[in-house]
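> A single structure is presented below for examination.
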There are 8 protein chains.
Amino acid sequence: MGAEQDIKLDFQRAERVGLDEAIFCAGKSQDHLAAILDEAARRSAPLLLTRLSVEQVAALPPQHRDVLDHDPLSRTAFFGRPAPLVTEKPNVAVVCAGTSDAAVGREAERTLRFHGQPCTRVTDVGVAGLWRLTERLEELRRHPVLILVAGMDAALATVAGGLVSSVVIGVPTSVGYGVATGGHTALNSMLASCAQGVTVVNIDNGFGAACAALRVLKAMGQRA
Amino acid sequence: MGAEQDIKLDFQRAERVGLDEAIFCAGKSQDHLAAILDEAARRSAPLLLTRLSVEQVAALPPQHRDVLDHDPLSRTAFFGRPAPLVTEKPNVAVVCAGTSDAAVGREAERTLRFHGQPCTRVTDVGVAGLWRLTERLEELRRHPVLILVAGMDAALATVAGGLVSSVVIGVPTSVGYGVATGGHTALNSMLASCAQGVTVVNIDNGFGAACAALRVLKAMGQRA
Amino acid sequence: MGAEQDIKLDFQRAERVGLDEAIFCAGKSQDHLAAILDEAARRSAPLLLTRLSVEQVAALPPQHRDVLDHDPLSRTAFFGRPAPLVTEKPNVAVVCAGTSDAAVGREAERTLRFHGQPCTRVTDVGVAGLWRLTERLEELRRHPVLILVAGMDAALATVAGGLVSSVVIGVPTSVGYGVATGGHTALNSMLASCAQGVTVVNIDNGFGAACAALRVLKAMGQRA
Amino acid sequence: MGAEQDIKLDFQRAERVGLDEAIFCAGKSQDHLAAILDEAARRSAPLLLTRLSVEQVAALPPQHRDVLDHDPLSRTAFFGRPAPLVTEKPNVAVVCAGTSDAAVGREAERTLRFHGQPCTRVTDVGVAGLWRLTERLEELRRHPVLILVAGMDAALATVAGGLVSSVVIGVPTSVGYGVATGGHTALNSMLASCAQGVTVVNIDNGFGAACAALRVLKAMGQRA
Amino acid sequence: MGAEQDIKLDFQRAERVGLDEAIFCAGKSQDHLAAILDEAARRSAPLLLTRLSVEQVAALPPQHRDVLDHDPLSRTAFFGRPAPLVTEKPNVAVVCAGTSDAAVGREAERTLRFHGQPCTRVTDVGVAGLWRLTERLEELRRHPVLILVAGMDAALATVAGGLVSSVVIGVPTSVGYGVATGGHTALNSMLASCAQGVTVVNIDNGFGAACAALRVLKAMGQRA
Amino acid sequence: MGAEQDIKLDFQRAERVGLDEAIFCAGKSQDHLAAILDEAARRSAPLLLTRLSVEQVAALPPQHRDVLDHDPLSRTAFFGRPAPLVTEKPNVAVVCAGTSDAAVGREAERTLRFHGQPCTRVTDVGVAGLWRLTERLEELRRHPVLILVAGMDAALATVAGGLVSSVVIGVPTSVGYGVATGGHTALNSMLASCAQGVTVVNIDNGFGAACAALRVLKAMGQRA
Amino acid sequence: MGAEQDIKLDFQRAERVGLDEAIFCAGKSQDHLAAILDEAARRSAPLLLTRLSVEQVAALPPQHRDVLDHDPLSRTAFFGRPAPLVTEKPNVAVVCAGTSDAAVGREAERTLRFHGQPCTRVTDVGVAGLWRLTERLEELRRHPVLILVAGMDAALATVAGGLVSSVVIGVPTSVGYGVATGGHTALNSMLASCAQGVTVVNIDNGFGAACAALRVLKAMGQRA
Amino acid sequence: MGAEQDIKLDFQRAERVGLDEAIFCAGKSQDHLAAILDEAARRSAPLLLTRLSVEQVAALPPQHRDVLDHDPLSRTAFFGRPAPLVTEKPNVAVVCAGTSDAAVGREAERTLRFHGQPCTRVTDVGVAGLWRLTERLEELRRHPVLILVAGMDAALATVAGGLVSSVVIGVPTSVGYGVATGGHTALNSMLASCAQGVTVVNIDNGFGAACAALRVLKAMGQRA
C-alpha cells in the first residue's frame, strides 16, 4: 500500500473554520509530500505549505516543483494561486523586534497573503532602542491587529501592548543562545506580560499568528 | 515614608489601551492594598481587583471593604461601579471544560462585566464526552469570540478550534495532578494545538483572556 | 577481547514474557551490531531490529545485510522470517493523527507483524478535523485494541478514548516545533488525558505500544 | 445563577466507554460538589468520587455525607452502591513497591471494586530486596493484569515487566524527596523501562490504572 | 555538643571583600540563630540578618530580640548599629516595576543602609505604562548605579537598560502565577535582555544586588 | 484487612548488603508506622527511622514512642539500641558548608552512629570564606572518607575534592531560594564538579551518604 | 522589497548608553548581514560583530569581507577601526577557569578592545587546583573589575568572589556534558553563589560581561 | 600571544589527590590541544585524554599523534605510558546494563588501566532479563567496588545495589530516546534508588566513576 492511503486532506476546513488547510512539511517523507500535492492537484485546490526546506523542494517531482511559489527565508510555498487581495489598506501590521526575527515575520506575512490579506511590515524596532518603536507608533495604532514577533526577552510585547488598543498577537522566536535557546524565555515572557490582553502562539509560529489575525478580520467583517 | 509613595496607578490606561487598569492583589501587603484603594477613592475611579482572597478582604479598612463587590470563587472584586452593560446579546462565550475550571472562567466573566460586556457561560463540556460540546455547537458558533478554559490535556481547544470560525482564546488552568500540576501541560497543549489560529494566555489568566476579547470587540466596533 | 563478549542475548524472553527480544540499534557500534547478528544466525533465531538507520544497514557485513528485510520509514528490520500470520482479522488498529506520525505507526505495525499479528492502519484523522475520526468510528470500535499515535497536542487520545470501550494505548510523537519539540507536550497531554483508562508509552515508541498490545492479545487468548 | 448550571454529568459514559463517570474532587468548590451529588441522587446513579479529602466530606450536606462510603487513605468515596462482585477469582493484582505507595494502590483497588472487580493486593515488594518479589512471582503470573505502583526509581516496573507475560500497567507515585519529588523520576523511569510493553498512567493515578485494567478485562470478555 | 560548635562567622570578610557578613536566616534552627547572635554580641559586631520572619524574631531570646531593628516587609534586621550614612546624595536608585516587588526592593535598600549608603526609591514604574518610567528618566540617569527589581516579564530591565549609561543590576522577583511562578521567567528575561551590559542576580535577591552595588561604589572610590 | 499486611520488612538486608533496613517515614500513615514498629518489636530488631517528624512521633502508640531516641533537627530516630561504637577514632568526617546544612549533616552522623561508627563534625566552612576550610585541611585529610554537605552553589565539593585524596561523597541540600530552591543547583554543581572522583547522592540524603561511607568502611575492613 | 528595509541600526546608542551597537550574527541571513554592513559603511561607523562564523565571513561580499578583522576563536569581528586604547594599565581582568572557556573569554577581551580598553587575561585557574588561583590573587586584586568565565560547576565565581573586593561579573559557559550541557548548571551555580555581590550574565555571553564592565568603568570615570 | 599562555596543567594533582590530571578534549581548539601535549612532552609526563574524537586525533601534529594510544569506542587516549599494573586480581568490576553502554564502560576501564588497575568487564546484564545478572552475582560480590553503567530506567543500580555489600558507583548513560534522551532519567533514577548507599556521577562520566573507585582503592590500601 502506498503513501496516498496515509493522506486525508481536510478540504472542508475553509467552510467550517474560515481558513484553508495548510501542510506542515517538516519531517514528512518525500512520498507523503508528493501524495499530498497529487491530491491537491487532482482537486485543483490551492495549498499553503509551511516549513518546506529548499532540500525538500528540490526532491519534489518536477510537475509539482515547477508550479510552487517558494520563499526560502520563511520556508513557505504557495501551491496553486493564492486568493486575490481583498483590500489595498492593510488591517494587520507584522512587527519584528530584530532582523533575526524576520523569517518568522515573513511566514505570517505569506500566510496572510495566501488568504488575500495585505499587511504592513515593520522590522528591527526592539525596545532596547525605544525610539525605533515610538517613531512608528502612530502608524501602528491605525492597524486593528498587530502581530509582534520577538525573541530573547520579548519585551516588545509588553511595551507595544501597553501603548495600543489594537488586538495584539505575540509570536516568540527561537532566536538567541543560553537561556534564550529555543525561544522558551521569549514565550514565557510574552505569556507573563504585564500588558493586558496580549495573546500568544507557539514559538516561531508565524503561520498560527496570521491565522489568528484572519479569525479577527472575519469577526470584523473584513473577510467572508 | 509610607506605602502610598510606592503606588503609581496608570489611570491613563483606558484612553491609551481601551482597558481600565486592574490591580493584581496576590502578594501585595495590606498597606499597599489600602493605599491603592485610597487613591482610587480619591479619584472616584472604579477599579477591578483580581486574585483578592477572602482573607485580604477581611483585613481591609472597613470603608473600603464595605463598598467592594467581591466574588469568592473568582477572587475578583469591583471597587466602585462597573460600566453599564452595552448590549443584551453577548458577543463572547466563556466555555469551561470542567467544573473545576469554573473559577477561572468566572474571572473572565467578571472582567467582561466590569467593562460592560455580557457573556454566555457554558461549563462542563470536556471532549472526553464529546456530545456535551457538539450539542452546544450551533449556539457557540453564533459568538464572534470564544474563551476556552481547560486544564489537564486541554483537548477542548483543538476540537472547538477546529469546528468554529470565531476568534478563539485559550486559557489553560492549573487544575490537575502529576504532569498536569500547575497547568503547564494544558498550556503547552494549547500552544501546540493542531487547530489553526488558536491563541493562548497565561495559566489561570481568565482576566487576560477577557482583556484580549475586549480588544477584539473594540476592533469589531462593539466598544468605544 | 572482541565485541562478542559484550553481547548476551535474552533468548529466554519469549518463554518468560511472551515476546521476542528486539535489538535497539541507535548508538550501537557496527562491531556490536555484527556480533549480535552473528549470534542470532548461529542460533537460527529470528530477530527484530529497531531504530536501524539506512547508514547502519549499509555498513553491515554482506551476509547479514542481504537477509535483512529493512523498512526505511520505520527504521525496523526483520532478521530471519517473522512469525506466520495467526489470523486474517486484525484485533489491533494503529491510528495516526497525522501523516508525520506515520513512521512511528509503522514501527508498531511492523512489530505486530513480526509476532504474527495483522493490524488495521488508519492515518491522518487528527481531531482538528473531527469528521475524519468520526467517519471511521464504527470500524475502530470493532477492534479490541487501539494504538493511538499523535504528536503536538495529542488531543486524539482524549477524543478517541472517550468514544470507545477498547483498550487504548497512546504513543506520543516528537513531531513539531516550539513547545512540541521532542514530544513532551504530546506525552504529558496523553498522561493527563481526561478520557479514563488511556495508557501511554514513551515518545516515538511504536515498538513498545505494539508489545503492550501483544500482552493484551495474550490475555485475550488470541496468542499462545 | 447557581452552581447546578455548571454541572453536566456524562451519564452516557458507561454505555459508550464501558466505565462509569467518576468525579475528581480536588479543587472543586463545595457548591459544585453538592450540586453534583444532588444530580446523581436525582438520577439514582451510583458515583465514584476521587481525591475527596476528609475536610471536603465534613463540609458536605448531611444527606449526602451520610450515604458516602469514604476511605481516607485513598481519598475515594462510593456514592450509592458499587456494582456487585462479578467473580471471586481476581484477574488483577495491585502490586505496591513500598508501604508509602499504598494510598495510590488503594485508589486502584477501590476503583476496581466500584466496577465489581476483586483484586489481589501485594505490598512492600520493592526490588532493592529482590526476594520479596520473587517469592510472590508464581502467584503474580496467574493474574492476566498487573498494576505496578512505585515511586522513587520505580525499578519494580522493569524487573516485574521482564518476568511475566501479563498485561503490565505502571503507576508512578509522588513518594520521595529531592529528585524524586512529585514523581517525575518514577514516571520517566517507567516510560523508559527496558521491559517490553509496559504501559504507564499519570503520577499517582491509581484510578486511571484501574480503568485501563477494566478495559482489558472487557476485551477478555470478563466484563459486559 | 551544642549549636555553638556549628557556627563559624567570617568576621574577616569586611577586610577581604569590603562587605560585612550577613546571616541568611530562612531554614536555620532557633538554636543556631541564638548561637550566632551570642557570638556577634560577644564580639560587639553589628550584623545584618536577611529572610528573618516575624515568627523567628518572636522566638528569639529577649536580650537579642529587643535590640533588633526588624523590618517585616523585607524580613531584614539590623543587630547592632548600622554604619553611619557616608553621604547625603544617593549614588544608587532602587527601581521596582510594581508594588508587589517592593519587599525585594526594600531588602536592597536596607542592605545599602546597613553599609552606610542612602538610595533613591522609585516604585510602580512598569513599562506596560511607559510614561511612568520616562517621566523619572532624567532623575534616574543621575545615579551611577540602578538596581532594577521586576517580576513577570521583567521588561523594565531591557527598556531602562537601553536608556541609561549607568551600571544596571537586575533583580528578578518571584511575583506572579502560571509561567511567572517562582520568578524563572523574569530571571531568564533579564539574562536574555537585548539591552547591553545588564547584569543579574538570583531571584528575589535584593541583598545580593545591593552588595554588587557596594562593590561598584568601592571601585568608584565612594567607599573605603 | 489491616495495615500489617502492607508491611514486609527486609530483615535479611544486613546480611546481604551489610546495612540494616531503615524506614523512610515521610508520607507513611500512622497505621503503617505503628505496624512497622510492632513487627520490629516482635523480632527485637533495632530500627533506624528517617524523616520522622515531631508530629508523627507524638501520634505513635505510647509503648513505641517511649522507647524511641528521636532527634528533631535531623528527624531521625533509633528504635531499640544502636550498635556499639566499633572504634574511638573516626574514619569519616561530615563537613557542612553552612549552619543551614547541619540538619542533613546530622542525619548522616546519626546513621553512622546507628551502625556503630563515630564521625568528626565540621560545620560552617563554606568556601566563600576559604580560610575556614583551609585551617581544617590537615585534620580532614586524616579521614579516609569525607561526606560534604552543601547547598546553593555547592562549591565546597570542588574545592575540597581537589585538595584531598580521601573518598569524597557529596550531599547537595535544598537550602536556598530562587534558582537554589529544592537543591537542584547544588546537585548539578556537584555532579559537574571539576574535582575528579567526587560522587553524589540525592538531595538532602544524609542517610544515603552515610550508607555509602559504610560500604567503603566495609571494603577497608573497618566493619564486619 | 529588499533586505535593507529590515535594518534599522541604533546609531544613537553610544550617546544614550555609552556603548556602541553590536550585531549578533548567528541566525541572520546573508542578505541581512550584507545590508547591515552596507549601512555601516555608508555612515563610516565602526561596528562590532559577534557570533560571526567562518562560513558567514566567507559568504560576505568581498568589499566587506576584506576589511573585517575576524577572530575565529571568539567569532568576533571588527568592521572598521576599533577605538584607540585609552590607557596602558588594564582595569579589567578576564579570568577563565579552563582552556575550554577561552573562546568566551576572548569575546569579552575583544569587546573591551573594541571600546578602547585593555585587559589582563588569566586562563586555566579552575579551583579544583586551588593554587593556580591563589598564586595570581594579588595581581587580580589590583583590578577594579573581574570577569570570571567558567563552565561545569563554576565554583571559581564563589571562591574568587569571596577573596576580592572588586566588582565581579560571572559568565557561565556551555562547556561540558551531562548535567553541564548547555551551561545551565554553571549559570545557576553562579546565581546561587555564596559569595556576596557576584553578578551574572547569560551563558557564553562574554560580550555582555564586557559591556557591563564598560558601564562600571564609565561610573569610575575611566571612560567618557 | 599564543595558545600556550592559556595552559596551566595541574601536575601537582597526583601528589595532592592521588590522581593524575586528565585532559577533557571536547570543545578544545586544536591549538590548545597541541599546546597541552607540548607541555606534557616537555615534562615527560604521561597524560590521559578523554572525549578525544577521531577527527581531533587526525588534526594533531604528527609527533604527538604518533605516540598516542587512542581507543575510538571510548574516545580516550594515553599520551606516554600508563602506570604498570599493580595487581593481577581486579578489585573493580565495570558492569554495563546494555551493549549501548559499553563506550562509557570502556572509558572507566581505560581510566583504571591508566592508573595501573585491572578490572573485570561484565556487559549486557540489564535487569529486564534478570537471570543475566543473577548468574554473575557471586563473581560480582567478590569485587570490593562495582561501577554500574546503565541508561534508560537504570534499574540495574537498584537491583545490584540491593544484592551486594560492595561499594557501588552508578554511571547513568545518555543512551535512549524520548524521556531517556540525554540520560536525565537514568541519572535521577539512580539518585532516587531505593538501594542504600548507591553513589552517582555525572551522565556518561565513566572517567569520574573510575576516579572515585581509585579513591576507594587508596583508602583500602590497594594504591600508594
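Ordered as shown in the C-alpha cells, chains take letters A, B, and onward, while each chain numbers its residues from 1 and ligands are numbered from 1 in the order shown.
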DSSP on the backbone, then: every residue of segment 40-212 of chain H marked helix (DSSP H, G or I), written as a VMD selection string.
chain H and resid 40 to 43 54 to 58 62 to 65 99 to 114 127 to 129 131 to 134 137 to 141 155 to 161 178 to 191 206 to 212
> Using only C-alpha atoms, select each residue of chain A with any atom at most 8 Å away from an atom of chain B, and give the selection as a tab-separated table (two decimals) with C-alpha atoms, in the first residue's frame.

chain	number	residue	atom	x	y	z
A	13	ARG	CA	-11.86	23.31	6.69
A	16	ARG	CA	-16.01	25.24	8.80
A	17	VAL	CA	-13.21	27.42	10.17
A	18	GLY	CA	-12.82	30.08	7.51
A	19	LEU	CA	-9.20	29.05	6.92
A	144	PRO	CA	-6.65	46.93	14.21
A	145	VAL	CA	-4.38	43.88	14.56
A	161	GLY	CA	0.85	46.07	24.15
A	162	GLY	CA	0.76	48.87	26.70
A	163	LEU	CA	0.68	51.58	24.04
A	164	VAL	CA	-2.07	50.47	21.66
A	165	SER	CA	-5.67	49.39	21.84
A	166	SER	CA	-5.38	47.03	18.87
A	167	VAL	CA	-5.63	43.27	19.05
A	168	VAL	CA	-2.11	42.06	19.94
A	169	ILE	CA	-0.84	38.61	18.95
A	191	LEU	CA	2.69	34.92	28.49
A	192	ALA	CA	3.65	36.77	31.68
A	196	GLN	CA	-3.31	43.42	29.42
A	197	GLY	CA	-4.85	41.24	26.77
A	198	VAL	CA	-1.74	40.13	24.88
A	199	THR	CA	-2.30	36.69	23.38
A	200	VAL	CA	0.42	34.33	22.32
A	201	VAL	CA	1.02	31.49	19.87
A	202	ASN	CA	3.67	28.77	19.77
A	208	GLY	CA	-0.60	30.50	13.55
A	209	ALA	CA	-0.43	34.18	14.37
A	210	ALA	CA	-1.63	35.02	10.88
A	211	CYS	CA	-4.49	32.52	11.21
A	212	ALA	CA	-5.50	34.14	14.48
A	213	ALA	CA	-5.42	37.53	12.77
A	214	LEU	CA	-7.60	36.15	10.00
A	215	ARG	CA	-10.16	35.00	12.58
A	216	VAL	CA	-10.25	38.55	13.94
A	218	LYS	CA	-13.57	37.70	9.91
A	219	ALA	CA	-15.17	38.81	13.17
A	220	MET	CA	-14.65	42.40	12.00
A	221	GLY	CA	-16.42	41.66	8.74
> Near Ser53 of chain G, counting only C-alpha atoms, which residues have an atom at most 9 Å away, once you skip same-chain residues fewer than 6 positions from it, shown as a list in words?
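So the residues in contact are Cys25, Ala26, Pro72, Arg75 and Thr76 of chain G.
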> Just the number, please: distance in Å from atom CA of Arg141 of chain A to atom CA of Ala93 of chain A, one decimal.
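Separating atom CA of Arg141 of chain A from atom CA of Ala93 of chain A is a distance of 9.5 Å.
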> Tell me, as JSON, numbers by chain, which residues lie within 8 Å of Ala155 of chain A, counting only C-alpha atoms; anything in the same chain fewer than 3 positions away does not count.
{"A": [126, 127, 150, 158, 159, 189, 190], "E": [153, 154, 155, 158, 159]}
> Would you output that residue set with N, CA, C and O atoms, as an mmCIF file, in the first residue's frame?

data_model
loop_
_atom_site.group_PDB
_atom_site.id
_atom_site.type_symbol
_atom_site.label_atom_id
_atom_site.label_comp_id
_atom_site.auth_asym_id
_atom_site.auth_seq_id
_atom_site.Cartn_x
_atom_site.Cartn_y
_atom_site.Cartn_z
ATOM 1 N N GLY A 126 13.236 46.729 18.192
ATOM 2 C CA GLY A 126 13.349 46.222 19.563
ATOM 3 C C GLY A 126 13.461 47.356 20.570
ATOM 4 O O GLY A 126 14.058 48.401 20.277
ATOM 5 N N VAL A 127 12.910 47.155 21.774
ATOM 6 C CA VAL A 127 12.765 48.254 22.716
ATOM 7 C C VAL A 127 14.031 48.572 23.499
ATOM 8 O O VAL A 127 14.023 49.487 24.320
ATOM 9 N N ALA A 150 9.108 38.456 18.365
ATOM 10 C CA ALA A 150 10.302 38.820 19.130
ATOM 11 C C ALA A 150 10.878 37.608 19.832
ATOM 12 O O ALA A 150 10.141 36.722 20.292
ATOM 13 N N THR A 158 5.304 43.654 25.713
ATOM 14 C CA THR A 158 4.766 44.425 26.835
ATOM 15 C C THR A 158 4.713 45.913 26.508
ATOM 16 O O THR A 158 3.716 46.591 26.778
ATOM 17 N N VAL A 159 5.773 46.417 25.933
ATOM 18 C CA VAL A 159 5.808 47.854 25.656
ATOM 19 C C VAL A 159 4.748 48.219 24.621
ATOM 20 O O VAL A 159 3.933 49.130 24.830
ATOM 21 N N SER A 189 7.981 35.057 28.655
ATOM 22 C CA SER A 189 7.947 36.499 28.871
ATOM 23 C C SER A 189 6.668 37.087 28.273
ATOM 24 O O SER A 189 6.009 37.930 28.894
ATOM 25 N N MET A 190 6.293 36.640 27.092
ATOM 26 C CA MET A 190 5.051 37.140 26.476
ATOM 27 C C MET A 190 3.830 36.684 27.271
ATOM 28 O O MET A 190 2.886 37.450 27.470
ATOM 29 N N ASP E 153 7.367 39.537 33.233
ATOM 30 C CA ASP E 153 8.180 39.604 32.018
ATOM 31 C C ASP E 153 9.469 40.401 32.222
ATOM 32 O O ASP E 153 10.364 40.349 31.382
ATOM 33 N N ALA E 154 9.558 41.136 33.310
ATOM 34 C CA ALA E 154 10.774 41.899 33.627
ATOM 35 C C ALA E 154 11.247 42.786 32.491
ATOM 36 O O ALA E 154 12.447 43.020 32.319
ATOM 37 N N ALA E 155 10.309 43.292 31.714
ATOM 38 C CA ALA E 155 10.674 44.112 30.560
ATOM 39 C C ALA E 155 11.332 45.418 30.975
ATOM 40 O O ALA E 155 12.031 46.053 30.170
ATOM 41 N N THR E 158 15.125 45.689 30.176
ATOM 42 C CA THR E 158 15.553 45.996 28.811
ATOM 43 C C THR E 158 15.289 47.449 28.464
ATOM 44 O O THR E 158 16.141 48.121 27.881
ATOM 45 N N VAL E 159 14.127 47.951 28.824
ATOM 46 C CA VAL E 159 13.805 49.328 28.454
ATOM 47 C C VAL E 159 14.714 50.301 29.185
ATOM 48 O O VAL E 159 15.346 51.174 28.568
#
> One decimal, in Å: what's the spacing between atom CA of Ala83 of chain C and atom CA of Ala224 of chain C?
12.2 Å
> What are the DSSP strand (DSSP E or B) residues of segment 13-191 of chain C, as JSON, numbers by chain?
{"C": [22, 23, 24, 47, 48, 49, 50, 68, 69, 70, 71, 76, 77, 78, 79, 92, 93, 94, 95, 96, 119, 120, 121, 122, 123, 145, 146, 147, 148, 149, 150, 167, 168, 169, 170, 171, 172]}
> Quick one: everything within 10 Å of Leu133 of chain A, counting only C-alpha atoms, minus sequence neighbours fewer than 3 positions away in the same chain. Send it as a PDB file with N, CA, C and O atoms, in the first residue's frame.

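Printed below is out25.pdb as written:
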ATOM      1  N   VAL A  95       5.158  43.127  13.114  1.00  0.00           N
ATOM      2  CA  VAL A  95       6.227  43.925  13.708  1.00  0.00           C
ATOM      3  C   VAL A  95       7.286  43.000  14.288  1.00  0.00           C
ATOM      4  O   VAL A  95       6.985  42.205  15.183  1.00  0.00           O
ATOM      5  N   ALA A  97      10.963  42.464  16.274  1.00  0.00           N
ATOM      6  CA  ALA A  97      11.894  43.174  17.148  1.00  0.00           C
ATOM      7  C   ALA A  97      13.278  43.285  16.519  1.00  0.00           C
ATOM      8  O   ALA A  97      13.924  44.313  16.616  1.00  0.00           O
ATOM      9  N   VAL A 122       7.071  45.923   9.660  1.00  0.00           N
ATOM     10  CA  VAL A 122       7.933  46.824  10.426  1.00  0.00           C
ATOM     11  C   VAL A 122       8.976  45.967  11.128  1.00  0.00           C
ATOM     12  O   VAL A 122       8.616  45.079  11.895  1.00  0.00           O
ATOM     13  N   THR A 123      10.253  46.218  10.866  1.00  0.00           N
ATOM     14  CA  THR A 123      11.295  45.333  11.389  1.00  0.00           C
ATOM     15  C   THR A 123      12.363  46.122  12.134  1.00  0.00           C
ATOM     16  O   THR A 123      12.601  47.289  11.827  1.00  0.00           O
ATOM     17  N   ASP A 124      12.999  45.445  13.105  1.00  0.00           N
ATOM     18  CA  ASP A 124      14.161  45.992  13.831  1.00  0.00           C
ATOM     19  C   ASP A 124      13.756  47.171  14.719  1.00  0.00           C
ATOM     20  O   ASP A 124      14.402  48.217  14.732  1.00  0.00           O
ATOM     21  N   VAL A 125      12.719  46.975  15.497  1.00  0.00           N
ATOM     22  CA  VAL A 125      12.246  48.019  16.392  1.00  0.00           C
ATOM     23  C   VAL A 125      12.243  47.536  17.843  1.00  0.00           C
ATOM     24  O   VAL A 125      11.360  47.878  18.634  1.00  0.00           O
ATOM     25  N   GLY A 126      13.236  46.729  18.192  1.00  0.00           N
ATOM     26  CA  GLY A 126      13.349  46.222  19.563  1.00  0.00           C
ATOM     27  C   GLY A 126      13.461  47.356  20.570  1.00  0.00           C
ATOM     28  O   GLY A 126      14.058  48.401  20.277  1.00  0.00           O
ATOM     29  N   VAL A 127      12.910  47.155  21.774  1.00  0.00           N
ATOM     30  CA  VAL A 127      12.765  48.254  22.716  1.00  0.00           C
ATOM     31  C   VAL A 127      14.031  48.572  23.499  1.00  0.00           C
ATOM     32  O   VAL A 127      14.023  49.487  24.320  1.00  0.00           O
ATOM     33  N   ALA A 128      15.141  47.839  23.242  1.00  0.00           N
ATOM     34  CA  ALA A 128      16.407  48.300  23.812  1.00  0.00           C
ATOM     35  C   ALA A 128      16.805  49.635  23.174  1.00  0.00           C
ATOM     36  O   ALA A 128      17.633  50.364  23.706  1.00  0.00           O
ATOM     37  N   GLY A 129      16.235  49.931  22.003  1.00  0.00           N
ATOM     38  CA  GLY A 129      16.391  51.252  21.379  1.00  0.00           C
ATOM     39  C   GLY A 129      14.986  51.798  21.153  1.00  0.00           C
ATOM     40  O   GLY A 129      14.446  51.709  20.053  1.00  0.00           O
ATOM     41  N   LEU A 130      14.428  52.334  22.217  1.00  0.00           N
ATOM     42  CA  LEU A 130      12.987  52.584  22.286  1.00  0.00           C
ATOM     43  C   LEU A 130      12.473  53.496  21.185  1.00  0.00           C
ATOM     44  O   LEU A 130      11.347  53.336  20.685  1.00  0.00           O
ATOM     45  N   ARG A 136       7.304  54.921  15.139  1.00  0.00           N
ATOM     46  CA  ARG A 136       6.320  54.233  14.281  1.00  0.00           C
ATOM     47  C   ARG A 136       4.970  54.087  14.980  1.00  0.00           C
ATOM     48  O   ARG A 136       4.058  53.442  14.430  1.00  0.00           O
ATOM     49  N   LEU A 137       4.845  54.625  16.170  1.00  0.00           N
ATOM     50  CA  LEU A 137       3.694  54.286  16.988  1.00  0.00           C
ATOM     51  C   LEU A 137       2.362  54.707  16.366  1.00  0.00           C
ATOM     52  O   LEU A 137       1.398  53.925  16.316  1.00  0.00           O
ATOM     53  N   GLU A 138       2.301  55.929  15.888  1.00  0.00           N
ATOM     54  CA  GLU A 138       1.027  56.392  15.324  1.00  0.00           C
ATOM     55  C   GLU A 138       0.595  55.517  14.154  1.00  0.00           C
ATOM     56  O   GLU A 138      -0.578  55.158  14.014  1.00  0.00           O
ATOM     57  N   LEU A 140       1.376  52.385  13.693  1.00  0.00           N
ATOM     58  CA  LEU A 140       0.939  51.074  14.186  1.00  0.00           C
ATOM     59  C   LEU A 140      -0.474  51.145  14.772  1.00  0.00           C
ATOM     60  O   LEU A 140      -1.285  50.231  14.582  1.00  0.00           O
ATOM     61  N   LEU A 156       9.276  43.660  23.646  1.00  0.00           N
ATOM     62  CA  LEU A 156       8.438  44.392  22.690  1.00  0.00           C
ATOM     63  C   LEU A 156       6.955  44.182  22.967  1.00  0.00           C
ATOM     64  O   LEU A 156       6.141  45.111  22.854  1.00  0.00           O
ATOM     65  N   VAL A 159       5.773  46.417  25.933  1.00  0.00           N
ATOM     66  CA  VAL A 159       5.808  47.854  25.656  1.00  0.00           C
ATOM     67  C   VAL A 159       4.748  48.219  24.621  1.00  0.00           C
ATOM     68  O   VAL A 159       3.933  49.130  24.830  1.00  0.00           O
ATOM     69  N   ALA A 160       4.733  47.506  23.500  1.00  0.00           N
ATOM     70  CA  ALA A 160       3.751  47.828  22.461  1.00  0.00           C
ATOM     71  C   ALA A 160       2.336  47.543  22.952  1.00  0.00           C
ATOM     72  O   ALA A 160       1.405  48.334  22.723  1.00  0.00           O
TER      73      ALA A 160
END
> Neighbours of segment 113-116 of chain C within 6 Å (only C-alpha atoms; same-chain residues fewer than 4 positions away dropped), as JSON, numbers by chain?
{"C": [82, 83, 84, 85, 86]}
> Would you save the residues of that selection, restricted to C-alpha atoms, as a tab-separated table (two decimals), in the first residue's frame?

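Generated output (part01.tsv):
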chain	number	residue	atom	x	y	z
C	82	PRO	CA	8.81	-13.26	11.11
C	83	ALA	CA	6.11	-15.47	12.63
C	84	PRO	CA	3.31	-16.52	10.25
C	85	LEU	CA	0.08	-14.51	10.48
C	86	VAL	CA	-2.11	-16.15	13.12
> For segment 98-104 of chain H, work out the shell of residues within 8 Å, counting only C-alpha atoms and skipping chain neighbours fewer than 2 positions away, then give it as a list in words.
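The filter keeps Asp6, Ile7, Gly27, Lys28, Ser29 and His32 of chain C; Leu73, Ser74, Cys96, Arg106, Glu107, Ala108, Thr123, Asp124, Val125, Gly126, Val149, Ala150, Gly151, Thr173, Val175, Asp204, Asn205 and Gly206 of chain H.
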> Report, in Å with one decimal, the straight-line distance from atom CA of Arg110 of chain G to atom CA of Ala77 of chain G.
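Computing the Euclidean distance for atom CA of Arg110 of chain G and atom CA of Ala77 of chain G yields 8.6 Å.
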